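Here is query-v4.txt, consisting of compact mmCIF, C-alpha atoms and all ligand atoms:
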```
# COMPACT_ATOMS: atom_id res chain seq x y z
CA MET B 75 -4.57 18.05 0.40
CA ILE B 76 -4.28 14.41 1.38
CA ARG B 77 -1.81 14.41 4.22
CA LYS B 78 -1.97 10.94 5.67
CA CYS B 79 -1.23 7.51 4.35
CA LEU B 80 -2.22 4.29 6.08
CA PHE B 81 -0.03 1.19 5.86
CA PRO B 82 -1.67 -2.02 7.07
CA ALA B 83 1.38 -4.00 8.18
CA ALA B 84 0.22 -6.43 10.82
CA GLY B 85 0.04 -9.57 8.66
CA TYR B 86 2.21 -12.59 9.40
CA GLY B 87 3.87 -13.03 6.01
CA THR B 88 3.53 -16.79 6.20
CA ARG B 89 4.41 -17.25 2.54
CA PHE B 90 7.95 -16.15 3.31
CA LEU B 91 8.60 -18.39 6.30
CA PRO B 92 11.11 -19.01 7.74
CA ALA B 93 12.44 -15.58 6.59
CA THR B 94 9.55 -13.81 8.32
CA LYS B 95 9.77 -15.69 11.60
CA ALA B 96 11.47 -12.80 13.38
CA ILE B 97 11.42 -10.11 10.68
CA PRO B 98 8.27 -8.37 9.48
CA LYS B 99 7.60 -9.14 5.81
CA GLU B 100 7.43 -5.38 5.18
CA MET B 101 11.11 -5.24 6.12
CA LEU B 102 12.27 -7.77 3.52
CA PRO B 103 14.58 -5.89 1.18
CA ILE B 104 14.19 -5.40 -2.53
CA VAL B 105 17.89 -4.87 -3.25
CA SER B 106 18.92 -2.67 -0.30
CA LYS B 107 15.64 -1.04 0.70
CA PRO B 108 12.85 -2.66 2.70
CA LEU B 109 9.53 -3.05 0.91
CA ILE B 110 7.69 -0.63 3.14
CA GLN B 111 10.17 2.16 2.39
CA TYR B 112 9.22 2.03 -1.28
CA GLY B 113 5.60 2.55 -0.23
CA VAL B 114 6.50 5.42 2.10
CA GLU B 115 8.48 7.13 -0.66
CA GLU B 116 5.53 6.77 -3.01
CA ALA B 117 3.21 8.40 -0.45
CA ILE B 118 5.68 11.25 0.07
CA GLU B 119 5.94 11.82 -3.66
CA ALA B 120 2.14 12.14 -3.66
CA GLY B 121 2.43 15.01 -1.15
CA MET B 122 1.63 13.07 2.03
CA ASP B 123 3.57 13.85 5.18
CA THR B 124 2.18 11.55 7.86
CA MET B 125 2.53 7.79 7.70
CA ALA B 126 0.00 5.88 9.80
CA ILE B 127 1.32 2.37 10.21
CA ILE B 128 -0.85 -0.47 11.51
CA THR B 129 1.50 -2.89 13.16
CA GLY B 130 1.16 -5.97 15.30
CA ARG B 131 3.22 -8.21 17.49
CA GLY B 132 6.73 -8.79 16.15
CA LYS B 133 6.78 -5.66 14.01
CA ARG B 134 9.07 -3.44 16.03
CA ALA B 135 11.72 -3.44 13.32
CA ILE B 136 9.45 -1.15 11.28
CA GLU B 137 9.49 1.49 14.01
CA ASP B 138 13.24 1.18 14.42
CA HIS B 139 13.72 1.59 10.68
CA PHE B 140 11.85 4.89 10.63
CA ASP B 141 13.85 6.30 13.53
CA ILE B 142 17.33 7.65 14.06
CA SER B 143 19.95 5.07 14.93
CA TYR B 144 22.49 7.12 16.90
CA GLU B 145 24.92 4.33 17.50
CA LEU B 146 25.04 3.24 13.87
CA GLU B 147 25.25 6.77 12.56
CA HIS B 148 28.04 7.60 14.97
CA GLN B 149 29.94 4.48 13.87
CA ILE B 150 29.80 5.22 10.15
CA LYS B 151 30.20 8.99 10.31
CA GLY B 152 33.04 10.09 8.06
CA SER B 153 33.36 6.63 6.49
CA SER B 154 32.67 5.63 2.90
CA LYS B 155 29.35 4.13 4.04
CA GLU B 156 27.87 7.32 5.43
CA HIS B 157 25.92 8.11 2.24
CA LEU B 158 23.99 4.84 2.49
CA LEU B 159 21.95 6.21 5.38
CA LYS B 160 21.37 9.65 3.88
CA GLU B 161 18.04 8.93 2.18
CA ILE B 162 16.41 7.20 5.12
CA ARG B 163 17.74 9.83 7.54
CA GLU B 164 16.08 12.62 5.57
CA LEU B 165 12.88 10.68 5.44
CA VAL B 166 12.91 10.07 9.19
CA LEU B 167 13.67 13.69 10.03
CA ASN B 168 11.17 15.32 7.68
CA TYR B 169 8.06 13.16 7.99
CA THR B 170 5.83 11.92 10.77
CA PHE B 171 5.42 8.24 11.55
CA THR B 172 2.55 7.16 13.76
CA TYR B 173 1.65 3.66 14.84
CA THR B 174 -1.11 1.64 16.32
CA ARG B 175 -1.40 -2.09 16.78
CA GLN B 176 -3.99 -4.36 15.26
CA LYS B 177 -4.37 -6.86 18.06
CA GLU B 178 -6.40 -9.44 16.20
CA MET B 179 -6.10 -10.34 12.52
CA LYS B 180 -9.62 -9.82 11.29
CA GLY B 181 -8.91 -8.73 7.73
CA LEU B 182 -7.91 -5.69 5.71
CA GLY B 183 -11.17 -3.87 6.47
CA HIS B 184 -10.52 -4.34 10.16
CA ALA B 185 -6.93 -3.08 9.79
CA VAL B 186 -8.19 0.09 8.12
CA LEU B 187 -10.77 0.59 10.87
CA VAL B 188 -8.06 0.22 13.52
CA GLY B 189 -6.36 3.15 11.76
CA GLU B 190 -9.27 5.52 12.40
CA THR B 191 -7.58 6.79 15.52
CA LEU B 192 -4.51 7.83 13.49
CA ILE B 193 -6.43 9.26 10.53
CA GLY B 194 -9.42 11.10 12.01
CA ASN B 195 -11.93 12.79 9.78
CA GLU B 196 -10.03 13.42 6.55
CA PRO B 197 -9.43 11.64 3.24
CA PHE B 198 -6.36 9.43 3.25
CA GLY B 199 -4.25 7.12 1.14
CA VAL B 200 -3.76 3.41 1.76
CA VAL B 201 -0.69 1.53 0.59
CA LEU B 202 -0.35 -2.24 0.84
CA ALA B 203 3.43 -2.51 0.85
CA ASP B 204 3.30 -6.00 -0.68
CA ASP B 205 2.22 -4.41 -3.91
CA LEU B 206 5.33 -2.63 -5.07
CA CYS B 207 4.47 -0.07 -7.71
CA GLU B 208 6.50 1.99 -10.05
CA GLY B 209 4.48 4.67 -11.78
CA GLU B 210 5.04 5.95 -15.27
CA LYS B 211 6.33 9.54 -14.90
CA ARG B 212 4.65 9.88 -11.47
CA GLY B 213 4.03 7.40 -8.71
CA VAL B 214 0.71 5.58 -8.60
CA MET B 215 -0.42 7.37 -5.44
CA ALA B 216 0.42 10.76 -6.99
CA GLN B 217 -1.68 9.84 -10.03
CA MET B 218 -4.56 8.96 -7.71
CA VAL B 219 -4.28 12.20 -5.71
CA GLU B 220 -4.56 14.09 -8.99
CA LEU B 221 -7.78 12.24 -9.73
CA TYR B 222 -9.07 12.81 -6.20
CA LYS B 223 -8.72 16.56 -6.69
CA LYS B 224 -11.19 16.31 -9.54
CA PHE B 225 -13.74 13.85 -8.11
CA ARG B 226 -13.37 14.01 -4.30
CA CYS B 227 -14.46 10.43 -3.69
CA SER B 228 -12.83 7.12 -2.79
CA ILE B 229 -10.64 5.68 -5.52
CA VAL B 230 -9.15 2.20 -5.93
CA ALA B 231 -6.27 1.36 -8.24
CA VAL B 232 -7.01 -1.46 -10.67
CA MET B 233 -5.20 -3.45 -13.32
CA GLU B 234 -6.20 -6.11 -15.80
CA VAL B 235 -5.21 -9.57 -14.65
CA ASP B 236 -5.23 -13.01 -16.27
CA GLU B 237 -8.21 -15.21 -15.62
CA LYS B 238 -6.08 -17.70 -13.70
CA ASP B 239 -5.15 -15.01 -11.16
CA ILE B 240 -8.53 -13.38 -10.68
CA HIS B 241 -9.40 -15.37 -7.53
CA LYS B 242 -6.57 -13.62 -5.64
CA TYR B 243 -8.09 -10.15 -5.87
CA GLY B 244 -10.98 -7.83 -5.25
CA VAL B 245 -12.65 -7.41 -8.66
CA VAL B 246 -14.80 -4.53 -9.87
CA ASP B 247 -17.87 -4.28 -12.03
CA ALA B 248 -17.51 -0.80 -13.43
CA LYS B 249 -18.49 1.55 -16.23
CA GLU B 250 -15.86 3.65 -17.97
CA LEU B 251 -16.28 7.36 -17.30
CA GLU B 252 -13.19 8.64 -19.05
CA GLU B 253 -10.04 6.93 -20.25
CA GLY B 254 -8.82 4.64 -17.48
CA VAL B 255 -11.38 5.93 -14.94
CA TYR B 256 -14.43 3.82 -14.06
CA ILE B 257 -17.47 4.25 -11.84
CA ILE B 258 -17.82 1.18 -9.66
CA LYS B 259 -21.22 -0.49 -9.69
CA ASP B 260 -20.29 -3.61 -7.78
CA MET B 261 -17.23 -5.24 -6.23
CA VAL B 262 -16.46 -8.77 -5.17
CA GLU B 263 -13.61 -10.08 -3.09
CA LYS B 264 -11.71 -13.09 -4.46
CA PRO B 265 -14.33 -14.43 -6.87
CA LYS B 266 -13.96 -17.63 -8.87
CA ALA B 267 -12.87 -16.76 -12.40
CA ALA B 268 -16.22 -17.89 -13.81
CA GLU B 269 -18.09 -15.59 -11.44
CA ALA B 270 -15.87 -12.52 -11.71
CA PRO B 271 -17.67 -9.45 -13.08
CA SER B 272 -14.58 -8.34 -15.07
CA ASN B 273 -10.82 -8.80 -15.24
CA LEU B 274 -10.18 -5.49 -13.47
CA ALA B 275 -8.54 -6.37 -10.17
CA VAL B 276 -7.93 -4.07 -7.22
CA ILE B 277 -4.29 -3.64 -6.28
CA GLY B 278 -3.00 -2.24 -3.02
CA ARG B 279 -3.46 1.48 -3.54
CA TYR B 280 -6.55 3.32 -2.33
CA ILE B 281 -7.70 6.80 -1.54
CA LEU B 282 -10.53 6.65 0.96
CA THR B 283 -12.93 9.26 2.24
CA PRO B 284 -13.37 9.03 6.02
CA ASP B 285 -17.01 7.90 5.89
CA ILE B 286 -15.48 4.48 5.14
CA PHE B 287 -14.91 4.10 8.91
CA GLU B 288 -18.63 4.22 9.73
CA ILE B 289 -19.31 1.72 6.97
CA LEU B 290 -16.56 -0.60 8.22
CA LYS B 291 -18.07 -0.55 11.72
CA THR B 292 -21.13 -2.36 10.40
CA THR B 293 -19.45 -4.48 7.70
CA GLU B 294 -19.99 -8.16 8.45
CA PRO B 295 -17.16 -10.63 7.93
CA GLY B 296 -17.06 -11.77 4.31
CA VAL B 297 -14.78 -14.09 2.33
CA GLY B 298 -12.46 -16.08 4.61
CA GLY B 299 -14.40 -14.85 7.67
CA GLU B 300 -12.56 -11.52 7.44
CA ILE B 301 -13.85 -7.97 7.41
CA GLN B 302 -13.17 -7.06 3.81
CA LEU B 303 -12.35 -3.54 2.65
CA THR B 304 -13.86 -4.56 -0.69
CA ASP B 305 -17.28 -5.08 0.96
CA ALA B 306 -17.14 -1.65 2.63
CA LEU B 307 -16.13 -0.02 -0.66
CA LYS B 308 -18.99 -1.74 -2.41
CA ALA B 309 -21.41 -0.24 0.14
CA GLN B 310 -19.76 3.16 -0.32
CA ALA B 311 -20.08 2.85 -4.11
CA GLN B 312 -23.75 2.01 -3.83
CA LYS B 313 -24.47 4.95 -1.52
CA GLY B 314 -22.39 7.51 -3.40
CA MET B 315 -19.52 7.19 -5.83
CA VAL B 316 -16.30 5.17 -5.82
CA LEU B 317 -13.93 5.20 -8.77
CA ALA B 318 -11.59 2.57 -10.13
CA TYR B 319 -8.44 3.93 -11.73
CA LYS B 320 -6.33 1.97 -14.18
CA PHE B 321 -2.95 3.27 -13.07
CA LYS B 322 -0.07 3.93 -15.39
CA GLY B 323 2.97 1.92 -14.44
CA LYS B 324 4.19 -1.43 -13.18
CA ARG B 325 3.19 -3.44 -10.16
CA PHE B 326 5.01 -6.34 -8.55
CA ASP B 327 3.20 -8.77 -6.29
CA CYS B 328 5.82 -8.92 -3.57
CA GLY B 329 3.46 -10.96 -1.41
CA SER B 330 4.48 -13.92 -3.56
CA ILE B 331 7.96 -15.36 -4.01
CA ASP B 332 7.75 -15.04 -7.81
CA GLY B 333 6.75 -11.37 -7.69
CA PHE B 334 9.38 -10.67 -5.05
CA VAL B 335 12.16 -12.14 -7.19
CA GLU B 336 10.86 -10.32 -10.25
CA ALA B 337 10.93 -7.00 -8.38
CA THR B 338 14.41 -7.73 -7.06
CA ASN B 339 15.73 -8.35 -10.58
CA TYR B 340 13.99 -5.30 -11.94
CA PHE B 341 15.30 -2.88 -9.31
CA TYR B 342 18.74 -4.45 -9.31
CA ASN B 343 19.07 -3.95 -13.07
CA LYS B 344 17.73 -0.43 -12.79
CA ASP B 345 20.28 0.47 -10.09
CA LYS B 346 23.03 -1.05 -12.18
CA GLU B 347 22.09 1.01 -15.21
CA LYS B 348 22.30 4.16 -13.08
CA SER B 349 25.75 3.40 -11.69
C1 LIG V 401 -6.09 -7.49 -0.59
C2 LIG V 401 -7.51 -7.04 -0.90
C3 LIG V 401 -7.88 -7.36 -2.35
C4 LIG V 401 -6.83 -6.76 -3.28
C5 LIG V 401 -5.42 -7.21 -2.88
C6 LIG V 401 -4.37 -6.46 -3.69
O1 LIG V 401 -6.05 -8.91 -0.62
O2 LIG V 401 -8.41 -7.69 -0.01
O3 LIG V 401 -9.15 -6.85 -2.64
O4 LIG V 401 -7.13 -7.13 -4.60
O5 LIG V 401 -5.16 -6.95 -1.51
O6 LIG V 401 -3.10 -6.94 -3.43
P1 LIG V 401 -4.83 -9.77 -0.01
O7 LIG V 401 -3.76 -9.76 -1.05
O8 LIG V 401 -4.43 -9.11 1.26
O9 LIG V 401 -5.42 -11.15 0.20
```
Do you think you could lay out the structure here as structure tokens?
Amino acid sequence: MIRKCLFPAAGYGTRFLPATKAIPKEMLPIVSKPLIQYGVEEAIEAGMDTMAIITGRGKRAIEDHFDISYELEHQIKGSSKEHLLKEIRELVLNYTFTYTRQKEMKGLGHAVLVGETLIGNEPFGVVLADDLCEGEKRGVMAQMVELYKKFRCSIVAVMEVDEKDIHKYGVVDAKELEEGVYIIKDMVEKPKAAEAPSNLAVIGRYILTPDIFEILKTTEPGVGGEIQLTDALKAQAQKGMVLAYKFKGKRFDCGSIDGFVEATNYFYNKDKEKS
């Protein structure tokens, strides 16, 4: 039902310099898989088959990753390493990857609007690959698609965060509709803790209805001079309905060094337990 998933991936990744000087931050590995591949796998698990990736200058490695590498595959064919490429090869062969470039960094809202040409007039998922999620039983995006089937409106994933971290997020003012599902009344991007309407912070998983594009076209720059997706969602919530969903699972903030290391340890230990 929701076929496409948008991945804003044009950001510079300055927090990881010098590692991200020549490598996109989305390609930094958590154990042996680049961050963005975790996001792509989550979208696929949710039933999506087309990945719409918003790239920018210096991001070619993402396109190469989601493509066949004849030379490499030829080299390792028949060797003990062949199985290491099996998963990514199946992903590349069975799903569609489309790309467009965000030429100027004008914020997350702008990145989503740039994706209109890849998405068209249908509801779609958005994954911020920096937020690495592991759902309980099902992936976070799959949980959200389930909810979309019932309500047919935009949905943002939220989690409770500590007061000291609230200024890093979009925060919702919302009324609980059923367990873990809230109707958004208001939203604010990166508020001061004292001014935050709640401790429910938006994390990088969204399902958006395509009317968001028209709203984004008239959304003025907000916090940090950027076109904020949060501001467009607030307008959408006030016109119709937008839900916040307290997802079931874990989330690692891989946009920060601490979160990145935490995710690395977690997935390393998990892999070890399996083997
Ligand atoms: C973006 C969004 C913010 C959201 C966050 C989740 O901010 O603007 O609303 O809470 O992602 O990770 P960024 O982290 O890009 O500054």
Can I get the residues of chain B within 6 Å of ligand LIG 401 (chain V), each with the closest pair of atoms and their distance in Å to one decimal, using all atoms listed in the file, sorted chain first then ascending number, as CSV?
```
residue,atom,partner,partner_atom,distance
B:Asp205,CA,V:LIG401,O6,5.9
B:Tyr243,CA,V:LIG401,O4,3.4
B:Gly244,CA,V:LIG401,O3,3.3
B:Glu263,CA,V:LIG401,O3,5.5
B:Ala275,CA,V:LIG401,O4,5.8
B:Val276,CA,V:LIG401,O4,4.1
B:Ile277,CA,V:LIG401,C6,3.8
B:Gly278,CA,V:LIG401,C6,4.5
B:Thr304,CA,V:LIG401,O3,5.6
```
Residue nearest Phe81 of chain B - candidates B:Leu146, B:Ala120, B:Leu251, B:Ile110, atoms counted: only C-alpha atoms: B:Ile110
Nearest to Met122 of chain B, chosen from B:Gly181, B:Pro197, B:Gly323, B:Pro92, with only C-alpha atoms counted in the distances: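 Looking only at the distances to Met122 of chain B, the closest residue turns out to be B:Pro197.
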Hey, which bits of segment 141-167 of chain B sit within 12 Å of segment 96-109 of chain B, and for each residue what's the closest pair of atoms and how far apart in Å (one decimal), counting only C-alpha atoms, rows by chain and increasing number, as CSV?
```
residue,atom,partner,partner_atom,distance
B:Leu158,CA,B:Ser106,CA,9.5
B:Leu159,CA,B:Lys107,CA,10.7
B:Glu161,CA,B:Lys107,CA,10.4
B:Ile162,CA,B:Lys107,CA,9.4
```
Write out as a PDB file with C-alpha atoms, keeping the file's coordinate frame the residues lying within 9 Å of Ser228 of chain B, counting only C-alpha atoms and excluding same-chain residues fewer than 2 positions away.
```
ATOM      1  CA  PRO B 197      -9.430  11.640   3.240  1.00  0.00           C
ATOM      2  CA  TYR B 222      -9.070  12.810  -6.200  1.00  0.00           C
ATOM      3  CA  PHE B 225     -13.740  13.850  -8.110  1.00  0.00           C
ATOM      4  CA  ARG B 226     -13.370  14.010  -4.300  1.00  0.00           C
ATOM      5  CA  VAL B 230      -9.150   2.200  -5.930  1.00  0.00           C
ATOM      6  CA  TYR B 280      -6.550   3.320  -2.330  1.00  0.00           C
ATOM      7  CA  ILE B 281      -7.700   6.800  -1.540  1.00  0.00           C
ATOM      8  CA  LEU B 282     -10.530   6.650   0.960  1.00  0.00           C
ATOM      9  CA  THR B 283     -12.930   9.260   2.240  1.00  0.00           C
ATOM     10  CA  ILE B 286     -15.480   4.480   5.140  1.00  0.00           C
ATOM     11  CA  LEU B 307     -16.130  -0.020  -0.660  1.00  0.00           C
ATOM     12  CA  GLN B 310     -19.760   3.160  -0.320  1.00  0.00           C
ATOM     13  CA  ALA B 311     -20.080   2.850  -4.110  1.00  0.00           C
ATOM     14  CA  MET B 315     -19.520   7.190  -5.830  1.00  0.00           C
ATOM     15  CA  VAL B 316     -16.300   5.170  -5.820  1.00  0.00           C
ATOM     16  CA  LEU B 317     -13.930   5.200  -8.770  1.00  0.00           C
ATOM     17  CA  ALA B 318     -11.590   2.570 -10.130  1.00  0.00           C
TER      18      ALA B 318
END
```
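For Lys211 of chain B, the list of residues within 12 Å, based on only C-alpha atoms and with local chain neighbours fewer than 6 positions off taken out, reads Glu119, Gln217, Phe321, Lys322, Gly323 and Lys324 of chain B.
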Ala83 of chain B surroundings by only C-alpha atoms, 9 Å radius, close-in-sequence under 3 positions cut, as a ChimeraX atom specification: /B:86,98-100,110,127-130,133,176,185,202-203
Computed interatomic separation between atom CA of Val232 of chain B and atom CA of Leu274 of chain B (Å):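 Going from atom CA of Val232 of chain B over to atom CA of Leu274 of chain B, I get 5.8 Å.
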Closest of B:Ile76, B:Leu91, B:Ala84, B:Met179 to Ile136 of chain B - atom-to-atom distances counting only C-alpha atoms: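 Result for the nearest residue to Ile136 of chain B: B:Ala84.
Between Val235 of chain B and the candidates B:Met75, B:Leu206, B:Ala267, B:Val255, the tightest atom-to-atom separation, counting all atoms listed in the file, involves B:Ala267.
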Phe90 of chain B surroundings by only C-alpha atoms, 9 Å radius, close-in-sequence under 3 positions cut, as a count of residues only: 8
Selection: 12 Å around Lys160 of chain B, only C-alpha atoms, excl. self and same-chain fewer than 6 positions, as a PyMOL selection string: chain B and resi 142+147+150-151+166-167
Saved selection, atoms kept: C-alpha atoms, as an mmCIF file, in the coordinates of the input:
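Output contents, as saved in part.cif:
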```cif
data_model
loop_
_atom_site.group_PDB
_atom_site.id
_atom_site.type_symbol
_atom_site.label_atom_id
_atom_site.label_comp_id
_atom_site.auth_asym_id
_atom_site.auth_seq_id
_atom_site.Cartn_x
_atom_site.Cartn_y
_atom_site.Cartn_z
ATOM 1 C CA ILE B 142 17.330 7.650 14.060
ATOM 2 C CA GLU B 147 25.250 6.770 12.560
ATOM 3 C CA ILE B 150 29.800 5.220 10.150
ATOM 4 C CA LYS B 151 30.200 8.990 10.310
ATOM 5 C CA VAL B 166 12.910 10.070 9.190
ATOM 6 C CA LEU B 167 13.670 13.690 10.030
#
```
Atom-to-atom span, atom CA of Glu288 of chain B and atom CA of Met233 of chain B, Å: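 Interatomic distance here is 27.8 Å.
You can rank B:Leu221, B:Leu192, B:Ala126, B:Ala135 by their closest distance to Lys320 of chain B using all atoms listed in the file, and at the top of that list sits B:Leu221.
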Å distance separating atom CA of Gly183 of chain B from atom CA of His241 of chain B, one decimal place: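 Straight-line distance from atom CA of Gly183 of chain B to atom CA of His241 of chain B works out to 18.2 Å.
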Among the residues B:Val188, B:Val114, B:Ile257, B:Ala306, the one that comes closest to Cys227 of chain B [using all atoms listed in the file]: B:Ile257
Give me the box for segment 87-92 of chain B as JSON, namely the centre and edge lengths in Å to one decimal of a box along x, y and z that holds every listed atom plus 3 Å on each side.
```
{"center_x": 7.3, "center_y": -16.0, "center_z": 5.1, "size_x": 13.6, "size_y": 12.0, "size_z": 11.2}
```
Your completed segment 177-198 of chain B with N, CA and C atoms, as a PDB file, in the coordinates of the input:
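Generated file (selection-v7.pdb):
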```
ATOM      1  N   LYS B 177      -4.647  -5.774  17.107  1.00  0.00           N
ATOM      2  CA  LYS B 177      -4.370  -6.860  18.060  1.00  0.00           C
ATOM      3  C   LYS B 177      -4.867  -8.216  17.581  1.00  0.00           C
ATOM      4  N   GLU B 178      -5.899  -8.180  16.750  1.00  0.00           N
ATOM      5  CA  GLU B 178      -6.400  -9.440  16.200  1.00  0.00           C
ATOM      6  C   GLU B 178      -6.446  -9.321  14.692  1.00  0.00           C
ATOM      7  N   MET B 179      -6.117 -10.378  13.992  1.00  0.00           N
ATOM      8  CA  MET B 179      -6.100 -10.340  12.520  1.00  0.00           C
ATOM      9  C   MET B 179      -7.500 -10.646  11.995  1.00  0.00           C
ATOM     10  N   LYS B 180      -8.247  -9.586  11.761  1.00  0.00           N
ATOM     11  CA  LYS B 180      -9.620  -9.820  11.290  1.00  0.00           C
ATOM     12  C   LYS B 180      -9.833  -9.293   9.882  1.00  0.00           C
ATOM     13  N   GLY B 181      -8.757  -9.113   9.136  1.00  0.00           N
ATOM     14  CA  GLY B 181      -8.910  -8.730   7.730  1.00  0.00           C
ATOM     15  C   GLY B 181      -8.473  -7.297   7.442  1.00  0.00           C
ATOM     16  N   LEU B 182      -8.373  -7.016   6.147  1.00  0.00           N
ATOM     17  CA  LEU B 182      -7.910  -5.690   5.710  1.00  0.00           C
ATOM     18  C   LEU B 182      -8.873  -4.581   6.132  1.00  0.00           C
ATOM     19  N   GLY B 183     -10.170  -4.860   6.044  1.00  0.00           N
ATOM     20  CA  GLY B 183     -11.170  -3.870   6.470  1.00  0.00           C
ATOM     21  C   GLY B 183     -10.982  -3.530   7.940  1.00  0.00           C
ATOM     22  N   HIS B 184     -10.741  -4.534   8.730  1.00  0.00           N
ATOM     23  CA  HIS B 184     -10.520  -4.340  10.160  1.00  0.00           C
ATOM     24  C   HIS B 184      -9.248  -3.520  10.400  1.00  0.00           C
ATOM     25  N   ALA B 185      -8.195  -3.828   9.646  1.00  0.00           N
ATOM     26  CA  ALA B 185      -6.930  -3.080   9.790  1.00  0.00           C
ATOM     27  C   ALA B 185      -7.154  -1.591   9.499  1.00  0.00           C
ATOM     28  N   VAL B 186      -7.933  -1.309   8.471  1.00  0.00           N
ATOM     29  CA  VAL B 186      -8.190   0.090   8.120  1.00  0.00           C
ATOM     30  C   VAL B 186      -8.997   0.758   9.244  1.00  0.00           C
ATOM     31  N   LEU B 187      -9.953   0.030   9.779  1.00  0.00           N
ATOM     32  CA  LEU B 187     -10.770   0.590  10.870  1.00  0.00           C
ATOM     33  C   LEU B 187      -9.917   0.871  12.110  1.00  0.00           C
ATOM     34  N   VAL B 188      -8.982   0.004  12.391  1.00  0.00           N
ATOM     35  CA  VAL B 188      -8.060   0.220  13.520  1.00  0.00           C
ATOM     36  C   VAL B 188      -7.310   1.550  13.327  1.00  0.00           C
ATOM     37  N   GLY B 189      -7.090   1.912  12.062  1.00  0.00           N
ATOM     38  CA  GLY B 189      -6.360   3.150  11.760  1.00  0.00           C
ATOM     39  C   GLY B 189      -7.160   4.420  11.947  1.00  0.00           C
ATOM     40  N   GLU B 190      -8.443   4.302  12.260  1.00  0.00           N
ATOM     41  CA  GLU B 190      -9.270   5.520  12.400  1.00  0.00           C
ATOM     42  C   GLU B 190      -8.666   6.487  13.411  1.00  0.00           C
ATOM     43  N   THR B 191      -8.154   5.946  14.465  1.00  0.00           N
ATOM     44  CA  THR B 191      -7.580   6.790  15.520  1.00  0.00           C
ATOM     45  C   THR B 191      -6.374   7.615  15.022  1.00  0.00           C
ATOM     46  N   LEU B 192      -5.666   7.094  14.027  1.00  0.00           N
ATOM     47  CA  LEU B 192      -4.510   7.830  13.490  1.00  0.00           C
ATOM     48  C   LEU B 192      -4.924   8.783  12.364  1.00  0.00           C
ATOM     49  N   ILE B 193      -6.025   8.485  11.705  1.00  0.00           N
ATOM     50  CA  ILE B 193      -6.430   9.260  10.530  1.00  0.00           C
ATOM     51  C   ILE B 193      -7.393  10.387  10.887  1.00  0.00           C
ATOM     52  N   GLY B 194      -8.406  10.078  11.690  1.00  0.00           N
ATOM     53  CA  GLY B 194      -9.420  11.100  12.010  1.00  0.00           C
ATOM     54  C   GLY B 194     -10.366  11.300  10.845  1.00  0.00           C
ATOM     55  N   ASN B 195     -10.863  12.536  10.742  1.00  0.00           N
ATOM     56  CA  ASN B 195     -11.930  12.790   9.780  1.00  0.00           C
ATOM     57  C   ASN B 195     -11.408  13.487   8.513  1.00  0.00           C
ATOM     58  N   GLU B 196     -10.552  12.824   7.791  1.00  0.00           N
ATOM     59  CA  GLU B 196     -10.030  13.420   6.550  1.00  0.00           C
ATOM     60  C   GLU B 196      -9.758  12.324   5.532  1.00  0.00           C
ATOM     61  N   PRO B 197      -9.758  12.670   4.239  1.00  0.00           N
ATOM     62  CA  PRO B 197      -9.430  11.640   3.240  1.00  0.00           C
ATOM     63  C   PRO B 197      -7.979  11.198   3.397  1.00  0.00           C
ATOM     64  N   PHE B 198      -7.709   9.957   3.038  1.00  0.00           N
ATOM     65  CA  PHE B 198      -6.360   9.430   3.250  1.00  0.00           C
ATOM     66  C   PHE B 198      -6.013   8.387   2.192  1.00  0.00           C
TER      67      PHE B 198
END
```
